[in-house]
>>> print(open('target-v4.cif').read())   # mmCIF, C-alpha atoms
data_model
loop_
_atom_site.label_atom_id
_atom_site.label_comp_id
_atom_site.auth_asym_id
_atom_site.auth_seq_id
_atom_site.Cartn_x
_atom_site.Cartn_y
_atom_site.Cartn_z
CA GLY A 799 89.18 98.92 63.79
CA ASN A 800 88.05 102.13 62.15
CA SER A 801 85.77 104.46 64.04
CA VAL A 802 84.30 107.94 63.86
CA THR A 803 83.48 110.07 66.89
CA GLN A 804 81.11 112.95 66.47
CA MET A 805 80.14 115.80 68.69
CA GLU A 806 77.11 114.80 70.67
CA GLY A 807 73.91 116.63 70.04
CA PRO A 808 71.44 117.96 69.87
CA VAL A 809 72.83 121.32 68.86
CA THR A 810 70.56 124.35 68.84
CA LEU A 811 71.66 127.66 67.35
CA SER A 812 70.09 130.92 66.36
CA GLU A 813 69.90 131.87 62.72
CA GLU A 814 73.14 133.46 61.40
CA ALA A 815 75.23 131.91 64.17
CA PHE A 816 78.55 130.19 63.46
CA LEU A 817 78.42 126.41 63.38
CA THR A 818 81.05 123.84 64.26
CA ILE A 819 80.32 120.12 64.51
CA ASN A 820 83.37 118.19 65.62
CA CYS A 821 84.41 114.91 64.05
CA THR A 822 87.49 112.86 64.81
CA TYR A 823 88.42 109.48 63.47
CA THR A 824 90.53 106.46 64.26
CA ALA A 825 91.89 104.50 61.32
CA THR A 826 95.03 102.83 60.08
CA GLY A 827 96.17 104.69 57.02
CA TYR A 828 94.48 107.62 55.31
CA PRO A 829 90.80 107.20 54.64
CA SER A 830 88.48 109.37 52.63
CA LEU A 831 86.27 111.51 54.84
CA PHE A 832 82.68 112.55 54.28
CA TRP A 833 79.90 114.62 55.74
CA TYR A 834 76.38 113.45 54.97
CA VAL A 835 73.20 115.34 55.83
CA GLN A 836 69.75 113.92 56.49
CA TYR A 837 66.84 116.34 56.28
CA PRO A 838 63.61 115.44 58.09
CA GLY A 839 61.84 112.49 56.48
CA GLU A 840 64.53 111.91 53.89
CA GLY A 841 67.54 109.71 53.20
CA LEU A 842 71.14 110.80 53.50
CA GLN A 843 72.74 113.16 51.00
CA LEU A 844 76.44 113.70 50.52
CA LEU A 845 77.28 117.21 51.73
CA LEU A 846 81.02 117.25 51.12
CA LYS A 847 84.07 115.04 51.08
CA ALA A 848 87.87 115.09 51.17
CA THR A 849 90.13 112.34 49.97
CA LYS A 850 93.57 113.33 51.26
CA ALA A 851 95.28 115.30 53.97
CA ASP A 852 94.79 119.10 53.88
CA ASP A 853 91.99 118.82 51.33
CA LYS A 854 89.05 121.10 52.03
CA GLY A 855 85.59 119.95 51.07
CA SER A 856 82.92 122.60 50.64
CA ASN A 857 79.27 122.83 49.61
CA LYS A 858 76.28 125.08 50.39
CA GLY A 859 78.45 127.28 52.62
CA PHE A 860 79.69 124.34 54.67
CA GLU A 861 83.38 123.49 54.87
CA ALA A 862 85.55 120.81 56.40
CA THR A 863 89.31 120.33 56.23
CA TYR A 864 91.03 116.94 56.41
CA ARG A 865 93.53 117.30 59.27
CA LYS A 866 95.85 114.33 59.38
CA GLU A 867 97.80 115.58 62.39
CA THR A 868 94.70 115.79 64.57
CA THR A 869 92.72 113.05 62.74
CA SER A 870 89.82 115.44 62.45
CA PHE A 871 87.29 116.64 59.89
CA HIS A 872 85.23 119.29 61.66
CA LEU A 873 82.23 120.74 59.84
CA GLU A 874 81.84 124.53 59.84
CA LYS A 875 79.48 127.13 58.47
CA GLY A 876 79.78 130.84 59.00
CA SER A 877 76.10 131.74 59.13
CA VAL A 878 73.47 129.05 59.53
CA GLN A 879 69.90 129.21 58.28
CA VAL A 880 66.71 127.59 59.47
CA SER A 881 66.88 125.36 56.38
CA ASP A 882 70.13 123.85 57.71
CA SER A 883 68.20 122.06 60.44
CA ALA A 884 68.96 118.39 59.90
CA VAL A 885 71.02 115.48 61.17
CA TYR A 886 74.68 115.52 60.15
CA PHE A 887 76.80 112.37 59.86
CA CYS A 888 80.56 112.20 59.62
CA ALA A 889 81.88 109.09 57.85
CA LEU A 890 85.03 107.49 56.51
CA ASN A 891 86.04 104.75 54.14
CA PHE A 892 89.08 103.31 52.44
CA GLY A 893 87.51 102.86 49.05
CA ASN A 894 86.05 99.52 50.04
CA GLU A 895 82.36 99.01 50.27
CA LYS A 896 81.77 100.01 53.85
CA LEU A 897 81.31 103.50 55.11
CA THR A 898 81.94 103.86 58.83
CA PHE A 899 79.49 106.42 60.19
CA GLY A 900 79.50 108.49 63.31
CA THR A 901 76.37 108.49 65.44
CA GLY A 902 74.96 111.67 63.92
CA THR A 903 74.43 115.17 65.31
CA ARG A 904 70.99 116.72 65.24
CA LEU A 905 71.12 120.44 64.45
CA THR A 906 68.20 122.77 65.03
CA ILE A 907 68.31 126.40 63.91
CA ILE A 908 65.82 128.77 65.48
CA PRO A 909 64.76 132.01 63.75
CA GLU B 758 71.48 114.11 41.34
CA ALA B 759 71.36 110.44 42.21
CA ASP B 760 68.44 108.30 41.09
CA ILE B 761 67.70 105.72 43.74
CA TYR B 762 64.17 104.87 44.75
CA GLN B 763 62.60 103.08 47.65
CA THR B 764 59.04 101.86 48.04
CA PRO B 765 56.98 102.00 50.08
CA ARG B 766 58.01 105.15 51.94
CA TYR B 767 55.90 104.17 54.94
CA LEU B 768 54.52 100.78 55.95
CA VAL B 769 52.42 99.75 58.92
CA ILE B 770 51.94 96.02 59.20
CA GLY B 771 50.93 93.36 61.69
CA THR B 772 53.19 90.85 63.36
CA GLY B 773 53.86 87.70 61.33
CA LYS B 774 53.35 89.26 57.91
CA LYS B 775 55.86 88.83 55.13
CA ILE B 776 57.10 92.09 53.66
CA THR B 777 59.42 93.16 50.88
CA LEU B 778 61.03 96.57 50.78
CA GLU B 779 61.93 97.64 47.27
CA CYS B 780 65.07 99.50 46.20
CA SER B 781 65.95 100.45 42.63
CA GLN B 782 68.66 102.60 41.11
CA THR B 783 69.03 103.80 37.54
CA MET B 784 72.71 104.74 37.69
CA GLY B 785 74.10 101.34 36.75
CA HIS B 786 75.94 101.08 40.07
CA ASP B 787 77.33 97.68 40.92
CA LYS B 788 77.43 98.08 44.69
CA MET B 789 74.28 98.34 46.75
CA TYR B 790 73.63 98.46 50.49
CA TRP B 791 70.90 98.26 53.09
CA TYR B 792 71.15 100.17 56.35
CA GLN B 793 68.89 100.08 59.38
CA GLN B 794 68.56 103.38 61.19
CA ASP B 795 67.68 103.51 64.87
CA PRO B 796 65.22 106.04 66.21
CA GLY B 797 68.30 107.48 67.87
CA MET B 798 69.70 108.08 64.36
CA GLU B 799 72.62 105.61 64.35
CA LEU B 800 73.08 103.74 61.06
CA HIS B 801 73.83 100.03 60.88
CA LEU B 802 74.85 98.19 57.70
CA ILE B 803 72.76 95.01 57.44
CA HIS B 804 73.36 93.81 53.85
CA TYR B 805 75.41 94.70 50.81
CA SER B 806 76.06 93.45 47.32
CA TYR B 807 78.99 93.77 44.92
CA GLY B 808 76.86 93.04 41.89
CA VAL B 809 74.41 90.57 40.36
CA ASN B 810 74.15 87.32 42.35
CA SER B 811 76.33 88.75 45.14
CA THR B 812 74.94 89.29 48.65
CA GLU B 813 76.81 89.73 51.92
CA LYS B 814 75.78 90.25 55.51
CA GLY B 815 76.70 93.55 57.07
CA ASP B 816 77.93 94.55 60.48
CA LEU B 817 74.59 94.18 62.25
CA SER B 818 72.90 90.81 62.31
CA SER B 819 69.47 90.96 60.73
CA GLU B 820 66.65 88.47 60.20
CA SER B 821 66.00 89.99 56.81
CA THR B 822 67.24 88.57 53.50
CA VAL B 823 68.18 90.23 50.23
CA SER B 824 68.54 89.23 46.61
CA ARG B 825 70.32 90.75 43.61
CA ILE B 826 69.02 89.26 40.40
CA ARG B 827 69.28 92.48 38.42
CA THR B 828 71.86 95.25 38.71
CA GLU B 829 69.28 97.92 39.36
CA HIS B 830 67.17 96.08 41.93
CA PHE B 831 68.04 95.08 45.53
CA PRO B 832 64.93 94.10 47.50
CA LEU B 833 64.93 93.29 51.21
CA THR B 834 62.51 90.72 52.62
CA LEU B 835 61.29 89.96 56.11
CA GLU B 836 59.56 86.56 56.17
CA SER B 837 57.76 87.22 59.44
CA ALA B 838 57.71 90.77 60.70
CA ARG B 839 57.99 91.49 64.43
CA PRO B 840 57.76 94.70 66.46
CA SER B 841 61.54 94.58 66.93
CA HIS B 842 61.85 95.15 63.17
CA THR B 843 60.29 98.59 63.52
CA SER B 844 62.86 100.99 62.12
CA GLN B 845 63.82 103.07 59.14
CA TYR B 846 65.53 101.17 56.30
CA LEU B 847 67.84 103.04 53.93
CA CYS B 848 69.10 101.71 50.62
CA ALA B 849 72.26 103.05 48.98
CA SER B 850 74.41 102.40 45.94
CA SER B 851 77.88 103.27 44.71
CA PRO B 852 79.83 102.75 41.50
CA GLN B 853 82.37 99.97 41.16
CA GLY B 854 86.02 100.59 40.71
CA GLY B 855 88.44 103.23 41.79
CA LEU B 856 88.82 104.42 45.30
CA ARG B 857 86.85 106.73 47.46
CA GLU B 858 83.46 106.17 45.90
CA THR B 859 80.53 108.05 47.29
CA GLN B 860 77.40 106.25 48.36
CA TYR B 861 74.06 107.58 47.12
CA PHE B 862 71.07 107.05 49.37
CA GLY B 863 67.40 106.52 48.71
CA PRO B 864 64.72 108.34 50.73
CA GLY B 865 64.17 105.42 53.10
CA THR B 866 61.27 103.19 54.15
CA ARG B 867 59.84 103.77 57.59
CA LEU B 868 58.47 100.45 58.90
CA LEU B 869 56.14 100.04 61.86
CA VAL B 870 55.25 96.53 62.96
CA LEU B 871 52.33 96.30 65.35
#
>>> encode(input="target-v4.cif", output="structure tokens")
Amino acid sequence: GNSVTQMEGPVTLSEEAFLTINCTYTATGYPSLFWYVQYPGEGLQLLLKATKADDKGSNKGFEATYRKETTSFHLEKGSVQVSDSAVYFCALNFGNEKLTFGTGTRLTIIP
Amino acid sequence: EADIYQTPRYLVIGTGKKITLECSQTMGHDKMYWYQQDPGMELHLIHYSYGVNSTEKGDLSSESTVSRIRTEHFPLTLESARPSHTSQYLCASSPQGGLRETQYFGPGTRLLVL
């Protein structure tokens, strides 16, 4: 079946540090890939997505590139801020109704 | 910006009570979902719906039930709440048709059963 494996957290970084959160997937075929973010006390929000190989999704300074050869969709940001502290979920789907989520990575940015 | 609402945001209730968690969306989306989120953050799909009068069980077995009488409304009911039902419940919706739809999430209901 389909699955998503995320870098285990929690991750703690200093402000302005470089961020990478790893995400790899197992799926038959070529799914769409997503990063969702959950800020404290809130629901999930779509951060970025990519629908085919080599696509790069980007939003709010975050980027992720759909790598078919390594089945990966790592999330990166060049300079994190305290306001980026949240839980990040990698997810995939095939355009059916079910998103397959990773287990989430809690990110804390310290000033 | 997605318009999907959940009420109540927080609920503390005693064992054995019947509760209904409300979810409404104003985007005209056909598909709606309920997820249960562990304290450890992992999300589990417990119910979903393709449209009016459609309800399906998700990947995680749940004692809750859902109904979909109107497109915009997808309430979740627990007939007799138990402490094991303590969790956060997230509602989501997505448009019908095409591939690669995005799901839009509500803010969640945090439930504590004493």
>>> closest_residue(input="target-v4.cif", among="B:Tyr762, B:Tyr792, B:Tyr807, B:Phe862", to="B:Arg827", atoms="all atoms listed in the file")
B:Tyr807
>>> residues_around(input="target-v4.cif", residues="B:Leu835", least_positions_apart="2", cutoff="7 Å", atoms="only C-alpha atoms", output="list of chain:residue names")
B:Lys775, B:Ile776, B:Thr777, B:Glu820, B:Ser821, B:Thr822, B:Leu833, B:Ser837, B:Ala838
>>> residues_around(input="target-v4.cif", residues="B:Arg825", least_positions_apart="5", cutoff="6 Å", atoms="all atoms listed in the file", output="number ranges by chain")
B: 809-810, 831
>>> write_last_selection(input="target-v4.cif", atoms="C-alpha atoms", output="short mmCIF file (atom, residue, chain, number, x, y, z; two decimals), in the frame of the given file")
data_model
loop_
_atom_site.label_atom_id
_atom_site.label_comp_id
_atom_site.auth_asym_id
_atom_site.auth_seq_id
_atom_site.Cartn_x
_atom_site.Cartn_y
_atom_site.Cartn_z
CA VAL B 809 74.41 90.57 40.36
CA ASN B 810 74.15 87.32 42.35
CA PHE B 831 68.04 95.08 45.53
#
>>> atom_distance(input="target-v4.cif", atom1="atom CA of A:Glu874", atom2="atom CA of A:Leu846")
11.4 Å
>>> resolve_selection(input="target-v4.cif", expression="the PyMOL selection byres ((chain A) within 10 of (chain B))", output="CSV table (one decimal) with C-alpha atoms, in the coordinates of the input")
chain,number,residue,atom,x,y,z
A,829,PRO,CA,90.8,107.2,54.6
A,830,SER,CA,88.5,109.4,52.6
A,831,LEU,CA,86.3,111.5,54.8
A,832,PHE,CA,82.7,112.6,54.3
A,834,TYR,CA,76.4,113.4,55.0
A,836,GLN,CA,69.8,113.9,56.5
A,837,TYR,CA,66.8,116.3,56.3
A,839,GLY,CA,61.8,112.5,56.5
A,840,GLU,CA,64.5,111.9,53.9
A,841,GLY,CA,67.5,109.7,53.2
A,842,LEU,CA,71.1,110.8,53.5
A,843,GLN,CA,72.7,113.2,51.0
A,844,LEU,CA,76.4,113.7,50.5
A,846,LEU,CA,81.0,117.2,51.1
A,847,LYS,CA,84.1,115.0,51.1
A,848,ALA,CA,87.9,115.1,51.2
A,849,THR,CA,90.1,112.3,50.0
A,885,VAL,CA,71.0,115.5,61.2
A,886,TYR,CA,74.7,115.5,60.2
A,887,PHE,CA,76.8,112.4,59.9
A,890,LEU,CA,85.0,107.5,56.5
A,891,ASN,CA,86.0,104.8,54.1
A,892,PHE,CA,89.1,103.3,52.4
A,893,GLY,CA,87.5,102.9,49.0
A,894,ASN,CA,86.0,99.5,50.0
A,895,GLU,CA,82.4,99.0,50.3
A,896,LYS,CA,81.8,100.0,53.8
A,897,LEU,CA,81.3,103.5,55.1
A,898,THR,CA,81.9,103.9,58.8
A,899,PHE,CA,79.5,106.4,60.2
A,900,GLY,CA,79.5,108.5,63.3
A,901,THR,CA,76.4,108.5,65.4
A,902,GLY,CA,75.0,111.7,63.9
A,903,THR,CA,74.4,115.2,65.3
A,904,ARG,CA,71.0,116.7,65.2
>>> atom_distance(input="target-v4.cif", atom1="atom CA of B:Pro796", atom2="atom CA of A:Ala889")
18.9 Å
>>> residues_around(input="target-v4.cif", residues="B:Thr783", least_positions_apart="5", cutoff="8 Å", atoms="only C-alpha atoms", output="ChimeraX atom specification")
/B:760-761,829
>>> write_last_selection(input="target-v4.cif", atoms="C-alpha atoms", output="PDB file, in the frame of the given file")
ATOM      1  CA  ASP B 760      68.440 108.300  41.090  1.00  0.00           C
ATOM      2  CA  ILE B 761      67.700 105.720  43.740  1.00  0.00           C
ATOM      3  CA  GLU B 829      69.280  97.920  39.360  1.00  0.00           C
TER       4      GLU B 829
END
>>> closest_residue(input="target-v4.cif", among="A:Ser877, A:Ser883, A:Thr863, A:Thr826", to="A:Ile908", atoms="all atoms listed in the file")
A:Ser883
>>> atom_distance(input="target-v4.cif", atom1="atom CA of B:Gly773", atom2="atom CA of B:Ser844")
16.1 Å
>>> residues_near_point(input="target-v4.cif", point="(97.5, 116.6, 61.8)", cutoff="12 Å", atoms="only C-alpha atoms", output="compact mmCIF listing (two decimals) with C-alpha atoms, keeping the file's coordinate frame")
# COMPACT_ATOMS: atom_id res chain seq x y z
CA THR A 822 87.49 112.86 64.81
CA TYR A 823 88.42 109.48 63.47
CA TYR A 828 94.48 107.62 55.31
CA LYS A 850 93.57 113.33 51.26
CA ALA A 851 95.28 115.30 53.97
CA ASP A 852 94.79 119.10 53.88
CA THR A 863 89.31 120.33 56.23
CA TYR A 864 91.03 116.94 56.41
CA ARG A 865 93.53 117.30 59.27
CA LYS A 866 95.85 114.33 59.38
CA GLU A 867 97.80 115.58 62.39
CA THR A 868 94.70 115.79 64.57
CA THR A 869 92.72 113.05 62.74
CA SER A 870 89.82 115.44 62.45
CA PHE A 871 87.29 116.64 59.89
>>> residues_around(input="target-v4.cif", residues="B:Lys774", least_positions_apart="3", cutoff="12 Å", atoms="only C-alpha atoms", output="PyMOL selection string")
chain B and resi 768-771+777+834-840+842+869-871
>>> build_atoms(input="target-v4.cif", residues="stretch 872-891 of chain A", atoms="N, CA and C atoms", output="PDB file, in the frame of the given file")
ATOM      1  N   HIS A 872      86.311 118.516  61.038  1.00  0.00           N
ATOM      2  CA  HIS A 872      85.230 119.290  61.660  1.00  0.00           C
ATOM      3  C   HIS A 872      84.428 120.041  60.603  1.00  0.00           C
ATOM      4  N   LEU A 873      83.124 120.045  60.775  1.00  0.00           N
ATOM      5  CA  LEU A 873      82.230 120.740  59.840  1.00  0.00           C
ATOM      6  C   LEU A 873      81.961 122.150  60.361  1.00  0.00           C
ATOM      7  N   GLU A 874      82.059 123.135  59.457  1.00  0.00           N
ATOM      8  CA  GLU A 874      81.840 124.530  59.840  1.00  0.00           C
ATOM      9  C   GLU A 874      80.964 125.239  58.828  1.00  0.00           C
ATOM     10  N   LYS A 875      80.224 126.227  59.354  1.00  0.00           N
ATOM     11  CA  LYS A 875      79.480 127.130  58.470  1.00  0.00           C
ATOM     12  C   LYS A 875      79.417 128.483  59.165  1.00  0.00           C
ATOM     13  N   GLY A 876      79.661 129.520  58.403  1.00  0.00           N
ATOM     14  CA  GLY A 876      79.780 130.840  59.000  1.00  0.00           C
ATOM     15  C   GLY A 876      78.472 131.439  59.465  1.00  0.00           C
ATOM     16  N   SER A 877      77.372 131.114  58.802  1.00  0.00           N
ATOM     17  CA  SER A 877      76.100 131.740  59.130  1.00  0.00           C
ATOM     18  C   SER A 877      74.984 130.754  58.776  1.00  0.00           C
ATOM     19  N   VAL A 878      74.448 130.114  59.799  1.00  0.00           N
ATOM     20  CA  VAL A 878      73.470 129.050  59.530  1.00  0.00           C
ATOM     21  C   VAL A 878      72.077 129.641  59.295  1.00  0.00           C
ATOM     22  N   GLN A 879      71.278 128.849  58.575  1.00  0.00           N
ATOM     23  CA  GLN A 879      69.900 129.210  58.280  1.00  0.00           C
ATOM     24  C   GLN A 879      68.961 128.159  58.840  1.00  0.00           C
ATOM     25  N   VAL A 880      67.707 128.537  58.970  1.00  0.00           N
ATOM     26  CA  VAL A 880      66.710 127.590  59.470  1.00  0.00           C
ATOM     27  C   VAL A 880      66.692 126.327  58.607  1.00  0.00           C
ATOM     28  N   SER A 881      66.904 126.497  57.306  1.00  0.00           N
ATOM     29  CA  SER A 881      66.880 125.360  56.380  1.00  0.00           C
ATOM     30  C   SER A 881      68.047 124.386  56.584  1.00  0.00           C
ATOM     31  N   ASP A 882      69.020 124.756  57.397  1.00  0.00           N
ATOM     32  CA  ASP A 882      70.130 123.850  57.710  1.00  0.00           C
ATOM     33  C   ASP A 882      69.781 122.858  58.811  1.00  0.00           C
ATOM     34  N   SER A 883      68.625 122.994  59.400  1.00  0.00           N
ATOM     35  CA  SER A 883      68.200 122.060  60.440  1.00  0.00           C
ATOM     36  C   SER A 883      68.108 120.660  59.865  1.00  0.00           C
ATOM     37  N   ALA A 884      68.863 119.743  60.441  1.00  0.00           N
ATOM     38  CA  ALA A 884      68.960 118.390  59.900  1.00  0.00           C
ATOM     39  C   ALA A 884      69.842 117.574  60.838  1.00  0.00           C
ATOM     40  N   VAL A 885      70.062 116.316  60.465  1.00  0.00           N
ATOM     41  CA  VAL A 885      71.020 115.480  61.170  1.00  0.00           C
ATOM     42  C   VAL A 885      72.257 115.348  60.292  1.00  0.00           C
ATOM     43  N   TYR A 886      73.424 115.536  60.882  1.00  0.00           N
ATOM     44  CA  TYR A 886      74.680 115.520  60.150  1.00  0.00           C
ATOM     45  C   TYR A 886      75.506 114.308  60.602  1.00  0.00           C
ATOM     46  N   PHE A 887      76.001 113.565  59.599  1.00  0.00           N
ATOM     47  CA  PHE A 887      76.800 112.370  59.860  1.00  0.00           C
ATOM     48  C   PHE A 887      78.195 112.539  59.281  1.00  0.00           C
ATOM     49  N   CYS A 888      79.194 112.297  60.097  1.00  0.00           N
ATOM     50  CA  CYS A 888      80.560 112.200  59.620  1.00  0.00           C
ATOM     51  C   CYS A 888      80.833 110.731  59.280  1.00  0.00           C
ATOM     52  N   ALA A 889      81.634 110.475  58.256  1.00  0.00           N
ATOM     53  CA  ALA A 889      81.880 109.090  57.850  1.00  0.00           C
ATOM     54  C   ALA A 889      83.249 108.971  57.206  1.00  0.00           C
ATOM     55  N   LEU A 890      83.765 107.755  57.186  1.00  0.00           N
ATOM     56  CA  LEU A 890      85.030 107.490  56.510  1.00  0.00           C
ATOM     57  C   LEU A 890      84.951 106.189  55.754  1.00  0.00           C
ATOM     58  N   ASN A 891      85.801 106.060  54.733  1.00  0.00           N
ATOM     59  CA  ASN A 891      86.040 104.750  54.140  1.00  0.00           C
ATOM     60  C   ASN A 891      87.395 104.740  53.470  1.00  0.00           C
TER      61      ASN A 891
END
